[in-house]
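See below for protein_12.txt, which holds compact mmCIF, C-alpha atoms and all ligand atoms.
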# COMPACT_ATOMS: atom_id res chain seq x y z
CA MET A 267 56.89 88.25 -6.59
CA MET A 268 53.46 88.08 -4.90
CA THR A 269 51.83 84.69 -4.58
CA ARG A 270 48.33 84.26 -5.97
CA SER A 271 47.02 84.06 -2.37
CA GLU A 272 48.59 87.46 -1.68
CA GLN A 273 47.15 88.95 -4.88
CA VAL A 274 43.65 87.62 -4.27
CA PHE A 275 43.72 88.58 -0.57
CA ALA A 276 44.79 92.13 -1.51
CA GLU A 277 41.79 92.37 -3.83
CA ALA A 278 39.50 90.83 -1.22
CA GLN A 279 40.19 93.77 1.10
CA ASN A 280 38.24 96.04 -1.28
CA TYR A 281 35.07 93.98 -1.14
CA ILE A 282 34.97 92.05 2.15
CA PRO A 283 35.68 93.50 5.63
CA GLY A 284 39.25 92.45 6.44
CA GLY A 285 39.19 90.35 3.26
CA VAL A 286 37.51 87.43 5.02
CA ASN A 287 34.06 86.18 5.85
CA SER A 288 35.12 85.23 9.36
CA PRO A 289 37.77 87.12 11.38
CA VAL A 290 39.85 84.16 12.57
CA ARG A 291 40.70 83.36 8.95
CA ALA A 292 42.50 86.70 8.47
CA PHE A 293 45.88 85.62 9.93
CA GLN A 294 45.96 89.02 11.69
CA SER A 295 47.40 87.80 14.99
CA VAL A 296 50.17 85.87 13.21
CA GLY A 297 51.04 88.81 10.94
CA SER A 298 50.80 87.03 7.63
CA THR A 299 48.58 86.60 4.58
CA PRO A 300 45.95 83.87 4.61
CA ARG A 301 46.49 81.06 2.17
CA MET A 302 43.55 80.94 -0.26
CA ILE A 303 42.49 77.29 -0.21
CA ALA A 304 41.40 75.67 -3.49
CA ARG A 305 40.52 72.16 -2.34
CA ALA A 306 40.88 69.57 0.40
CA ASP A 307 41.03 65.79 0.66
CA GLY A 308 41.49 63.57 3.70
CA ALA A 309 44.02 65.27 5.98
CA LYS A 310 45.32 67.57 3.23
CA ILE A 311 44.41 71.01 1.97
CA PHE A 312 45.80 72.72 -1.15
CA ASP A 313 46.12 76.46 -1.73
CA ILE A 314 45.67 78.33 -4.99
CA ASP A 315 49.44 78.43 -5.46
CA GLY A 316 49.42 74.65 -5.54
CA ARG A 317 50.99 74.22 -2.11
CA GLU A 318 49.97 71.19 -0.03
CA TYR A 319 49.47 71.25 3.74
CA THR A 320 48.55 68.70 6.37
CA ASP A 321 45.49 70.33 7.91
CA TYR A 322 44.89 70.51 11.68
CA VAL A 323 41.94 72.94 11.47
CA GLY A 324 39.52 70.69 9.61
CA SER A 325 37.24 73.64 8.85
CA TRP A 326 37.29 74.37 12.64
CA GLY A 327 35.89 70.98 13.57
CA PRO A 328 33.40 69.52 11.06
CA MET A 329 35.89 67.24 9.29
CA ILE A 330 36.22 64.48 11.91
CA LEU A 331 36.24 61.90 9.08
CA GLY A 332 38.67 63.97 7.01
CA HIS A 333 37.96 66.35 4.14
CA ASN A 334 35.92 65.40 1.08
CA HIS A 335 34.77 62.05 2.46
CA PRO A 336 33.40 60.15 -0.58
CA ALA A 337 30.16 59.03 1.09
CA VAL A 338 29.39 62.56 2.34
CA ARG A 339 30.29 64.11 -1.02
CA ASP A 340 28.16 61.62 -2.94
CA ALA A 341 25.19 62.15 -0.60
CA VAL A 342 25.35 65.91 -1.22
CA ILE A 343 25.57 65.48 -5.01
CA LYS A 344 22.64 63.05 -4.95
CA ALA A 345 20.48 65.31 -2.78
CA ALA A 346 21.31 68.39 -4.87
CA ALA A 347 20.02 66.62 -7.98
CA ASN A 348 16.54 66.73 -6.39
CA GLY A 349 16.67 70.49 -5.84
CA LEU A 350 18.46 72.58 -3.24
CA SER A 351 15.69 73.78 -0.94
CA PHE A 352 11.91 73.59 -0.70
CA GLY A 353 11.06 75.66 2.38
CA ALA A 354 8.80 72.80 3.33
CA ALA A 355 8.92 69.83 5.69
CA THR A 356 10.95 66.89 4.40
CA GLU A 357 11.46 63.29 5.49
CA ILE A 358 15.22 63.61 5.83
CA GLU A 359 14.83 66.23 8.59
CA VAL A 360 12.88 63.67 10.63
CA GLU A 361 15.57 61.05 10.00
CA VAL A 362 18.27 63.42 11.24
CA ALA A 363 16.28 64.42 14.32
CA LYS A 364 15.56 60.79 15.20
CA LEU A 365 19.22 59.86 14.72
CA ILE A 366 20.44 62.68 17.00
CA CYS A 367 17.91 61.76 19.68
CA SER A 368 19.15 58.15 19.47
CA MET A 369 22.85 59.10 19.62
CA VAL A 370 23.00 61.81 22.30
CA PRO A 371 21.90 61.40 25.93
CA ASN A 372 19.01 63.58 27.19
CA ILE A 373 18.03 64.88 23.73
CA GLU A 374 14.29 64.26 23.57
CA MET A 375 13.63 66.88 20.85
CA VAL A 376 15.89 68.87 18.52
CA ARG A 377 15.50 71.85 16.20
CA MET A 378 17.75 72.45 13.18
CA VAL A 379 19.22 75.89 12.48
CA ASN A 380 22.04 77.11 10.19
CA SER A 381 25.01 77.74 12.49
CA GLY A 382 26.34 77.28 15.99
CA THR A 383 25.60 80.94 16.68
CA GLU A 384 21.96 80.43 15.81
CA ALA A 385 21.81 77.27 17.91
CA VAL A 386 23.14 79.08 21.00
CA MET A 387 21.01 82.20 20.45
CA SER A 388 17.91 79.99 20.21
CA ALA A 389 18.80 77.78 23.18
CA VAL A 390 19.34 80.88 25.35
CA ARG A 391 15.95 82.25 24.26
CA ALA A 392 14.33 78.87 25.05
CA ALA A 393 15.89 78.89 28.54
CA ARG A 394 14.67 82.44 29.16
CA GLY A 395 11.20 81.56 27.88
CA PHE A 396 10.99 78.37 29.95
CA THR A 397 12.22 79.91 33.24
CA GLY A 398 10.76 83.40 32.80
CA ARG A 399 14.17 84.71 33.88
CA SER A 400 16.62 87.00 31.94
CA ARG A 401 20.15 86.52 33.27
CA ILE A 402 22.65 84.14 31.67
CA ILE A 403 25.95 83.02 33.23
CA LYS A 404 28.77 82.34 30.78
CA PHE A 405 32.53 81.95 31.30
CA ALA A 406 35.31 84.36 30.34
CA GLY A 407 37.12 82.97 27.31
CA CYS A 408 34.30 80.71 26.22
CA TYR A 409 32.93 81.50 22.77
CA HIS A 410 29.34 80.76 21.88
CA GLY A 411 29.01 82.46 18.50
CA HIS A 412 28.36 86.11 17.78
CA SER A 413 24.81 86.77 19.06
CA ASP A 414 24.77 89.99 21.12
CA ALA A 415 24.29 88.41 24.52
CA MET A 416 27.23 86.05 23.99
CA LEU A 417 29.79 88.67 22.92
CA VAL A 418 30.81 89.38 26.49
CA LYS A 419 34.36 88.30 27.45
CA ALA A 420 34.16 85.88 24.52
CA GLY A 421 36.95 83.67 23.23
CA SER A 422 37.99 82.70 19.69
CA GLY A 423 38.26 85.64 17.30
CA VAL A 424 37.18 88.15 19.97
CA MET A 425 40.07 87.03 22.19
CA THR A 426 42.45 86.82 19.21
CA SER A 427 41.71 90.39 18.15
CA GLY A 428 42.17 91.57 21.71
CA ILE A 429 38.86 93.44 21.82
CA PRO A 430 37.43 92.89 25.31
CA ASP A 431 33.90 92.80 23.93
CA SER A 432 32.34 93.73 20.63
CA ALA A 433 31.25 97.24 19.68
CA GLY A 434 27.59 97.46 18.77
CA VAL A 435 26.31 95.38 21.68
CA PRO A 436 23.94 97.60 23.71
CA ALA A 437 24.82 97.85 27.41
CA GLY A 438 21.28 96.77 28.21
CA CYS A 439 21.82 93.53 26.36
CA ALA A 440 25.22 92.76 27.87
CA ALA A 441 23.88 93.60 31.36
CA ASP A 442 21.96 90.32 31.44
CA THR A 443 25.10 88.33 30.65
CA LEU A 444 27.09 87.52 33.77
CA THR A 445 30.68 86.28 33.46
CA ALA A 446 32.20 83.61 35.69
CA VAL A 447 35.67 82.04 35.80
CA TYR A 448 36.06 78.70 34.01
CA ASN A 449 36.89 75.86 36.42
CA ASP A 450 35.91 78.06 39.42
CA LEU A 451 32.61 76.92 40.92
CA SER A 452 32.77 79.58 43.65
CA SER A 453 32.60 82.31 40.98
CA VAL A 454 29.36 80.74 39.73
CA GLU A 455 27.97 80.35 43.25
CA GLU A 456 28.65 84.05 43.87
CA LEU A 457 26.77 85.11 40.73
CA PHE A 458 23.78 82.99 41.69
CA ALA A 459 23.80 84.56 45.18
CA GLN A 460 24.02 88.08 43.70
CA ASN A 461 21.19 87.38 41.24
CA PRO A 462 18.68 85.28 43.23
CA GLU A 463 15.99 83.66 41.06
CA GLN A 464 17.13 85.77 38.04
CA VAL A 465 19.44 83.33 36.25
CA ALA A 466 17.76 81.46 33.40
CA ALA A 467 20.76 79.33 32.51
CA VAL A 468 24.46 78.66 32.77
CA ILE A 469 26.05 78.10 29.37
CA VAL A 470 29.42 76.38 29.16
CA GLU A 471 31.75 74.78 26.67
CA PRO A 472 32.20 71.42 28.47
CA VAL A 473 35.75 71.52 27.10
CA ALA A 474 36.70 75.15 26.51
CA ALA A 475 38.15 75.16 22.99
CA ASN A 476 38.05 78.87 22.14
CA MET A 477 40.74 80.17 24.48
CA GLY A 478 43.04 77.44 23.30
CA VAL A 479 41.88 74.11 24.75
CA VAL A 480 41.19 74.15 28.51
CA GLU A 481 40.00 70.96 30.15
CA PRO A 482 37.28 71.00 32.81
CA GLN A 483 38.85 70.20 36.20
CA PRO A 484 37.41 67.13 37.98
CA GLY A 485 34.03 68.00 39.49
CA PHE A 486 33.59 71.28 37.58
CA LEU A 487 30.85 70.14 35.21
CA ALA A 488 29.08 68.07 37.87
CA GLY A 489 29.29 71.10 40.16
CA LEU A 490 27.57 73.25 37.55
CA ARG A 491 24.79 70.65 37.36
CA GLU A 492 24.29 70.86 41.11
CA LEU A 493 24.35 74.66 41.21
CA CYS A 494 21.79 74.87 38.39
CA ASP A 495 19.47 72.40 40.13
CA LYS A 496 19.84 74.24 43.43
CA ASN A 497 19.03 77.62 41.85
CA GLY A 498 16.31 76.60 39.39
CA ALA A 499 18.44 77.42 36.34
CA LEU A 500 18.98 75.34 33.20
CA LEU A 501 22.41 73.98 32.25
CA ILE A 502 23.28 74.50 28.57
CA PHE A 503 26.22 72.54 27.16
CA ASP A 504 27.54 74.33 24.10
CA GLU A 505 28.76 71.26 22.19
CA VAL A 506 29.30 72.96 18.84
CA ILE A 507 32.88 71.67 19.06
CA THR A 508 32.65 68.71 21.47
CA GLY A 509 29.39 67.32 20.06
CA PHE A 510 29.89 64.04 18.17
CA ARG A 511 33.65 64.62 18.66
CA LEU A 512 34.59 63.52 22.20
CA ALA A 513 32.25 60.56 21.86
CA LEU A 514 29.17 59.66 19.89
CA GLY A 515 27.14 61.28 22.67
CA GLY A 516 29.56 64.17 23.02
CA ALA A 517 30.66 65.63 26.35
CA GLN A 518 27.54 64.51 28.20
CA GLN A 519 28.56 60.92 27.49
CA TYR A 520 32.30 61.54 27.88
CA TYR A 521 31.94 63.20 31.32
CA GLY A 522 28.66 61.62 32.45
CA VAL A 523 27.02 64.98 33.22
CA ARG A 524 23.47 65.75 32.08
CA ALA A 525 22.64 69.09 30.45
CA ASP A 526 19.10 70.43 30.01
CA LEU A 527 19.84 71.84 26.55
CA VAL A 528 22.72 71.08 24.17
CA THR A 529 23.81 73.10 21.15
CA PHE A 530 25.45 71.57 18.08
CA GLY A 531 27.26 72.70 14.94
CA LYS A 532 30.24 71.72 12.79
CA ILE A 533 30.26 67.86 12.73
CA ILE A 534 26.45 67.77 12.55
CA GLY A 535 26.63 69.37 9.07
CA ALA A 536 29.85 67.66 7.88
CA GLY A 537 30.94 71.01 6.43
CA MET A 538 27.51 72.22 5.31
CA PRO A 539 25.89 75.13 7.23
CA VAL A 540 24.02 73.31 10.02
CA GLY A 541 23.49 74.00 13.71
CA ALA A 542 20.98 72.49 16.10
CA TYR A 543 19.76 72.74 19.67
CA GLY A 544 17.88 70.18 21.66
CA GLY A 545 17.24 68.65 25.04
CA ARG A 546 14.40 68.23 27.51
CA ARG A 547 10.99 67.80 25.90
CA ASP A 548 9.33 70.24 28.34
CA VAL A 549 11.83 72.96 27.42
CA MET A 550 11.88 72.28 23.67
CA SER A 551 8.06 72.24 23.65
CA MET A 552 8.28 75.97 24.33
CA ILE A 553 9.56 76.50 20.77
CA SER A 554 7.19 77.83 18.10
CA PRO A 555 4.92 76.68 16.60
CA LYS A 556 4.30 74.34 19.55
CA GLY A 557 5.09 76.96 22.17
CA SER A 558 5.52 80.67 22.68
CA VAL A 559 9.29 81.03 22.08
CA TYR A 560 9.71 82.10 18.46
CA GLN A 561 12.57 80.80 16.32
CA ALA A 562 12.62 80.25 12.55
CA GLY A 563 14.88 79.92 9.50
CA THR A 564 14.39 79.79 5.73
CA LEU A 565 17.10 77.19 5.23
CA SER A 566 16.84 75.39 8.57
CA GLY A 567 16.92 71.64 7.93
CA ASN A 568 17.96 72.24 4.33
CA PRO A 569 17.71 68.87 2.52
CA VAL A 570 21.20 69.02 0.97
CA ALA A 571 22.78 69.97 4.29
CA MET A 572 20.77 67.26 6.03
CA ALA A 573 22.09 64.70 3.53
CA ALA A 574 25.65 65.64 4.47
CA GLY A 575 24.95 65.57 8.20
CA LEU A 576 22.92 62.36 8.09
CA THR A 577 25.70 60.60 6.20
CA GLN A 578 28.49 61.70 8.53
CA LEU A 579 26.50 61.01 11.72
CA THR A 580 25.46 57.58 10.41
CA ILE A 581 29.08 56.69 9.66
CA LEU A 582 30.06 57.81 13.19
CA LYS A 583 27.24 55.77 14.74
CA ASN A 584 28.15 52.67 12.73
CA THR A 585 31.93 53.01 13.17
CA PRO A 586 32.64 53.62 16.88
CA ALA A 587 36.31 52.80 16.14
CA VAL A 588 36.59 56.34 14.71
CA TYR A 589 36.51 57.67 18.28
CA GLU A 590 39.28 55.34 19.43
CA THR A 591 41.35 56.45 16.42
CA VAL A 592 40.91 60.21 16.77
CA ASN A 593 41.17 60.22 20.57
CA GLU A 594 44.31 58.07 20.41
CA LEU A 595 45.84 60.47 17.88
CA GLY A 596 45.14 63.36 20.24
CA GLU A 597 46.71 61.53 23.17
CA TYR A 598 49.74 60.54 21.06
CA PHE A 599 50.22 64.17 20.00
CA ARG A 600 50.06 65.42 23.60
CA THR A 601 52.49 62.76 24.85
CA GLU A 602 55.04 63.24 22.06
CA MET A 603 54.84 67.04 22.05
CA ARG A 604 55.27 67.18 25.85
CA LYS A 605 58.32 64.90 25.56
CA ALA A 606 59.84 67.10 22.83
CA ALA A 607 59.25 70.32 24.82
CA ALA A 608 60.74 68.81 27.96
CA GLU A 609 63.75 67.47 26.06
CA LEU A 610 64.47 70.92 24.60
CA ASN A 611 63.38 72.83 27.69
CA VAL A 612 60.78 74.81 25.72
CA PRO A 613 58.33 76.83 27.91
CA VAL A 614 55.05 75.52 26.51
CA THR A 615 52.04 73.75 28.06
CA VAL A 616 50.34 71.11 25.93
CA THR A 617 46.65 70.56 26.72
CA GLY A 618 43.63 68.84 25.27
CA VAL A 619 40.98 66.18 25.53
CA GLY A 620 40.35 63.41 23.02
CA SER A 621 40.97 64.69 19.47
CA LEU A 622 41.27 68.32 20.63
CA ALA A 623 44.70 69.69 21.53
CA CYS A 624 46.55 72.95 22.08
CA ILE A 625 50.12 74.17 22.61
CA PHE A 626 50.01 77.17 24.97
CA PHE A 627 53.16 79.26 24.70
CA THR A 628 53.40 79.65 28.46
CA PRO A 629 55.08 77.41 31.03
CA ASN A 630 52.13 77.92 33.38
CA PRO A 631 49.22 75.50 33.77
CA VAL A 632 46.15 76.84 31.93
CA GLN A 633 42.82 76.43 33.69
CA ASN A 634 41.01 79.61 32.68
CA TYR A 635 41.00 82.79 30.54
CA THR A 636 43.52 84.65 32.73
CA ASP A 637 45.97 81.74 32.54
CA ALA A 638 45.50 81.48 28.77
CA LYS A 639 46.23 85.19 28.37
CA THR A 640 49.73 84.68 29.84
CA SER A 641 50.65 82.97 26.56
CA ASP A 642 53.39 84.56 24.48
CA THR A 643 51.40 85.18 21.30
CA ALA A 644 54.49 86.52 19.47
CA ALA A 645 56.29 83.23 20.14
CA PHE A 646 53.20 81.37 18.96
CA ALA A 647 53.16 83.42 15.73
CA LYS A 648 56.81 82.58 14.96
CA TYR A 649 56.11 78.87 15.54
CA PHE A 650 52.91 79.02 13.47
CA LEU A 651 54.63 80.67 10.49
CA HIS A 652 57.53 78.22 10.56
CA MET A 653 55.16 75.24 10.61
CA LEU A 654 53.00 76.76 7.85
CA ASP A 655 56.06 77.26 5.68
CA LYS A 656 56.93 73.58 6.21
CA GLY A 657 53.43 72.45 5.15
CA PHE A 658 51.63 72.13 8.51
CA TYR A 659 48.37 74.13 8.64
CA PHE A 660 47.29 75.04 12.19
CA ALA A 661 44.72 77.58 13.40
CA PRO A 662 46.26 81.07 12.95
CA SER A 663 45.72 81.99 16.61
CA GLN A 664 47.00 80.90 20.00
CA PHE A 665 43.40 80.84 21.22
CA GLU A 666 42.03 78.07 19.02
CA ALA A 667 42.20 74.27 18.93
CA ILE A 668 44.11 71.61 17.03
CA PHE A 669 41.63 69.14 15.50
CA PHE A 670 42.55 65.54 14.63
CA SER A 671 40.51 63.42 12.22
CA ALA A 672 40.26 59.79 11.16
CA ALA A 673 42.27 60.79 8.08
CA HIS A 674 45.36 61.68 10.18
CA THR A 675 48.00 59.12 11.13
CA LYS A 676 50.66 58.72 13.79
CA ALA A 677 53.20 59.38 11.04
CA ASP A 678 51.56 62.80 10.53
CA ILE A 679 52.05 63.52 14.22
CA ASP A 680 55.63 62.29 14.18
CA ALA A 681 56.28 64.72 11.32
CA VAL A 682 54.75 67.64 13.29
CA VAL A 683 56.79 66.84 16.42
CA SER A 684 59.98 66.42 14.41
CA GLU A 685 59.50 69.80 12.68
CA ALA A 686 58.63 71.50 15.99
CA LYS A 687 61.91 70.15 17.45
CA THR A 688 63.80 71.47 14.42
CA PHE A 689 62.20 74.88 14.96
CA TRP A 690 62.94 74.94 18.68
CA ASN A 691 66.50 73.71 18.09
CA GLN A 692 67.10 76.72 15.80
CA LYS A 693 66.59 79.18 18.67
P1 LIG B 701 29.24 79.19 14.19
O1 LIG B 701 28.20 80.27 14.24
O2 LIG B 701 30.61 79.73 13.82
O3 LIG B 701 28.84 77.98 13.34
O4 LIG B 701 29.39 78.58 15.66
C1 LIG B 701 29.68 79.45 16.73
C2 LIG B 701 30.29 78.65 17.86
C3 LIG B 701 29.51 78.35 18.96
N1 LIG B 701 30.01 77.62 19.99
C4 LIG B 701 31.29 77.17 19.98
C5 LIG B 701 31.80 76.37 21.13
C6 LIG B 701 32.13 77.46 18.87
O5 LIG B 701 33.41 77.02 18.87
C7 LIG B 701 31.63 78.20 17.79
C8 LIG B 701 32.48 78.58 16.59
N2 LIG B 701 33.86 78.21 16.66
C9 LIG B 701 34.77 79.03 15.88
C10 LIG B 701 36.18 78.45 16.05
N3 LIG B 701 36.70 78.67 17.34
C11 LIG B 701 34.38 79.09 14.45
C12 LIG B 701 35.43 79.64 13.51
C13 LIG B 701 35.08 81.01 13.02
O6 LIG B 701 34.56 81.84 13.82
O7 LIG B 701 35.36 81.27 11.83
What would the structure in this file look like if it were written as structure tokens?
Ligand code: KE4
Amino acid sequence: MMTRSEQVFAEAQNYIPGGVNSPVRAFQSVGSTPRMIARADGAKIFDIDGREYTDYVGSWGPMILGHNHPAVRDAVIKAAANGLSFGAATEIEVEVAKLICSMVPNIEMVRMVNSGTEAVMSAVRAARGFTGRSRIIKFAGCYHGHSDAMLVKAGSGVMTSGIPDSAGVPAGCAADTLTAVYNDLSSVEELFAQNPEQVAAVIVEPVAANMGVVEPQPGFLAGLRELCDKNGALLIFDEVITGFRLALGGAQQYYGVRADLVTFGKIIGAGMPVGAYGGRRDVMSMISPKGSVYQAGTLSGNPVAMAAGLTQLTILKNTPAVYETVNELGEYFRTEMRKAAAELNVPVTVTGVGSLACIFFTPNPVQNYTDAKTSDTAAFAKYFLHMLDKGFYFAPSQFEAIFFSAAHTKADIDAVVSEAKTFWNQK
């Protein structure tokens, strides 16, 4: 007997490519059918067959306070009652911009867009416009959304689907995207030497969370800062995941390294479609209508989305204890999962920073894309499906992150570790 999720997903295939509106949701790499989710609350999500799961995806990052937070929900309902969109300037956009500039180091100006992809695409254009240069250095395995220039050796769904790069990206476009090795400053130095005075920016996930979670080695981020200064390039921190997650001020605050531009998504919209990019006033002043770099959007700064983001960011600013809670949960997970794996002699490597974590199904240390690719994705799939069946909802790919929220508890983590031990004991 097919479940309702299976029935609806079968029908979805006729109308939506792969049956999903974003590839990572398709459960392709774990060889199963996605659960169609009906609703979520706190740390729980519920599928259309009435099954309950403890959720460790959190909509891929936005739900740091947990799903369906009452204050966020009420703010959206209240804002919607005034109309959904005006295509005109509003006061709430100024409030959000001011709040972000007050919360995040080195953000003197910020522009709202509708997704992380749009934020990165726009920040890259701003860097190219400001420097007059074309080349961009990114890192293999880092994912910065699906704009053409970024779909080169990208992580996340590109890595999951095993396509080296995307079809449809003209060679001319990809040619200006140079790929370095994460955690390897010499690979960056080499690219700068090979492309003198041609690199507009280096873009990096300060914690790589789209090839699984790979921490920056000590000195890596500071080294990128130095290399950019030495070569007249801008440093872009893609903080779509780390922004407002590692700390109120994101990775810049957490690691004490200054970026010239920072991109945001996910938490900034609290689940509504919001992205943003911001940074140095002299760079951001290049953006139209003030400057000559064009960027626009019908729903950018949408008042309902701003109400959600403003509410969540205000709660985070007024409740710094949230960061202690979520970062402690992440550390507790890593400690307990490492203990369990060691006890049972299971060949996995547990990584992560703060409230981001990952279990790589490889015994090797993981410091870059090549290391991550040594993971046994078939073993991951078996683990994933067992945990899903027992009511634990993780990202359906080895190359994604585990997200903890203020709605999770240590008891939730104890339950995950206990079930993982049961699974590994079965083998
Ligand atoms: P969006 O366009 O999906 O809002 O953001 C793109 C993006 C940019 N930068 C980083 C560091 C990101 O992680 C993302 C998107 N993350 C993926 C999850 N790994 C989104 C999930 C999906 O593609 O469905």
Protein and nucleic residues near ligand LIG 701 (chain B), 8 Å, only C-alpha atoms and all ligand atoms, as number ranges by chain: A: 287-291, 325-327, 380-386, 408-412, 421-423, 471, 474-476, 504-508, 529-532, 539-541, 666-667
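Among the candidates A:Ile553, A:Arg524, A:Gly284, A:Gly516, the residue lying nearest to Gly489 (chain A) is A:Arg524 (atoms considered: all atoms listed in the file).
CA of Asp431 (chain A) lies 26.7 Å from CA of Phe275 (chain A).
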Met572 (chain A) surroundings by only C-alpha atoms, 12 Å radius, close-in-sequence under 4 positions cut, as a short mmCIF file (atom, residue, chain, number, x, y, z; two decimals) with C-alpha atoms, in the coordinates of the input:
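Ended up saving to around.cif:
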data_model
loop_
_atom_site.label_atom_id
_atom_site.label_comp_id
_atom_site.auth_asym_id
_atom_site.auth_seq_id
_atom_site.Cartn_x
_atom_site.Cartn_y
_atom_site.Cartn_z
CA VAL A 338 29.39 62.56 2.34
CA ALA A 341 25.19 62.15 -0.60
CA VAL A 342 25.35 65.91 -1.22
CA LYS A 344 22.64 63.05 -4.95
CA ALA A 345 20.48 65.31 -2.78
CA ALA A 346 21.31 68.39 -4.87
CA LEU A 350 18.46 72.58 -3.24
CA SER A 351 15.69 73.78 -0.94
CA THR A 356 10.95 66.89 4.40
CA GLU A 357 11.46 63.29 5.49
CA ILE A 358 15.22 63.61 5.83
CA GLU A 359 14.83 66.23 8.59
CA VAL A 360 12.88 63.67 10.63
CA GLU A 361 15.57 61.05 10.00
CA VAL A 362 18.27 63.42 11.24
CA ALA A 363 16.28 64.42 14.32
CA LEU A 365 19.22 59.86 14.72
CA ILE A 366 20.44 62.68 17.00
CA MET A 378 17.75 72.45 13.18
CA VAL A 379 19.22 75.89 12.48
CA ASN A 380 22.04 77.11 10.19
CA ILE A 533 30.26 67.86 12.73
CA ILE A 534 26.45 67.77 12.55
CA GLY A 535 26.63 69.37 9.07
CA ALA A 536 29.85 67.66 7.88
CA GLY A 537 30.94 71.01 6.43
CA MET A 538 27.51 72.22 5.31
CA PRO A 539 25.89 75.13 7.23
CA VAL A 540 24.02 73.31 10.02
CA GLY A 541 23.49 74.00 13.71
CA ALA A 542 20.98 72.49 16.10
CA LEU A 565 17.10 77.19 5.23
CA SER A 566 16.84 75.39 8.57
CA GLY A 567 16.92 71.64 7.93
CA ASN A 568 17.96 72.24 4.33
CA LEU A 576 22.92 62.36 8.09
CA THR A 577 25.70 60.60 6.20
CA GLN A 578 28.49 61.70 8.53
CA LEU A 579 26.50 61.01 11.72
CA THR A 580 25.46 57.58 10.41
#
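CA of Cys367 (chain A) is found 25.4 Å from CA of Phe670 (chain A).
The residue that comes closest to Glu594 (chain A), out of A:Cys439, A:Thr564, A:Phe293, A:Ala672 and on the basis of only C-alpha atoms, is A:Ala672.
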8 Å contact set for region 403-407 of chain A, all atoms listed in the file, chain neighbours under 2 positions out, as a list in words: Arg401, Tyr409, Met416, Val418, Lys419, Ala420, Gly421, Ser422, Met425, Thr443, Leu444, Thr445, Ala446, Val447, Tyr448, Val454, Leu457, Val465, Ala467, Val468, Ile469, Val470, Ala474, Asn476, Met477, Asn634 and Tyr635 of chain A
Residue nearest Thr675 (chain A) among A:Gly596, A:Gly563, A:Gly434, A:Gly498 (counting only C-alpha atoms): A:Gly596
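Neighbourhood of point (52.0, 70.0, 5.8): residues with an atom at most 9 Å away, counting all atoms listed in the file, are Lys310, Ile311, Glu318, Tyr319, Thr320, Asp321, Met653, Leu654, Asp655, Lys656, Gly657, Phe658, Tyr659, Asp678, Ala681 and Val682 of chain A.
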Distance query Arg600 (chain A) at most 7 Å, all atoms listed in the file, self and fewer than 3 positions along chain excluded, as a ChimeraX atom specification: /A:596-597,603-604,616-617
Pairwise distance for CA of Thr269 (chain A) and CA of Pro283 (chain A), rounded to one decimal in Å: 21.0 Å
Would you list the residues near (47.8, 64.4, 25.2), meaning any protein, DNA or RNA residue with an atom at most 12 Å from that point in file coordinates, counting only C-alpha atoms, as a PDB file with C-alpha atoms, in the frame of the given file?
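The resulting file, selection.pdb, is shown below:
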ATOM      1  CA  VAL A 479      41.880  74.110  24.750  1.00  0.00           C
ATOM      2  CA  GLU A 481      40.000  70.960  30.150  1.00  0.00           C
ATOM      3  CA  VAL A 592      40.910  60.210  16.770  1.00  0.00           C
ATOM      4  CA  ASN A 593      41.170  60.220  20.570  1.00  0.00           C
ATOM      5  CA  GLU A 594      44.310  58.070  20.410  1.00  0.00           C
ATOM      6  CA  LEU A 595      45.840  60.470  17.880  1.00  0.00           C
ATOM      7  CA  GLY A 596      45.140  63.360  20.240  1.00  0.00           C
ATOM      8  CA  GLU A 597      46.710  61.530  23.170  1.00  0.00           C
ATOM      9  CA  TYR A 598      49.740  60.540  21.060  1.00  0.00           C
ATOM     10  CA  PHE A 599      50.220  64.170  20.000  1.00  0.00           C
ATOM     11  CA  ARG A 600      50.060  65.420  23.600  1.00  0.00           C
ATOM     12  CA  THR A 601      52.490  62.760  24.850  1.00  0.00           C
ATOM     13  CA  GLU A 602      55.040  63.240  22.060  1.00  0.00           C
ATOM     14  CA  MET A 603      54.840  67.040  22.050  1.00  0.00           C
ATOM     15  CA  ARG A 604      55.270  67.180  25.850  1.00  0.00           C
ATOM     16  CA  LYS A 605      58.320  64.900  25.560  1.00  0.00           C
ATOM     17  CA  THR A 615      52.040  73.750  28.060  1.00  0.00           C
ATOM     18  CA  VAL A 616      50.340  71.110  25.930  1.00  0.00           C
ATOM     19  CA  THR A 617      46.650  70.560  26.720  1.00  0.00           C
ATOM     20  CA  GLY A 618      43.630  68.840  25.270  1.00  0.00           C
ATOM     21  CA  VAL A 619      40.980  66.180  25.530  1.00  0.00           C
ATOM     22  CA  GLY A 620      40.350  63.410  23.020  1.00  0.00           C
ATOM     23  CA  SER A 621      40.970  64.690  19.470  1.00  0.00           C
ATOM     24  CA  LEU A 622      41.270  68.320  20.630  1.00  0.00           C
ATOM     25  CA  ALA A 623      44.700  69.690  21.530  1.00  0.00           C
ATOM     26  CA  CYS A 624      46.550  72.950  22.080  1.00  0.00           C
ATOM     27  CA  ILE A 625      50.120  74.170  22.610  1.00  0.00           C
ATOM     28  CA  ILE A 668      44.110  71.610  17.030  1.00  0.00           C
ATOM     29  CA  PHE A 670      42.550  65.540  14.630  1.00  0.00           C
ATOM     30  CA  ILE A 679      52.050  63.520  14.220  1.00  0.00           C
TER      31      ILE A 679
END
Surrounding residues of Arg301 (chain A) excluding itself and chain neighbours under 5 positions, 8 Å, all atoms listed in the file, as a compact mmCIF listing (two decimals) with C-alpha atoms, in the frame of the given file:
# COMPACT_ATOMS: atom_id res chain seq x y z
CA SER A 271 47.02 84.06 -2.37
CA GLU A 272 48.59 87.46 -1.68
CA ASP A 313 46.12 76.46 -1.73
CA ILE A 314 45.67 78.33 -4.99
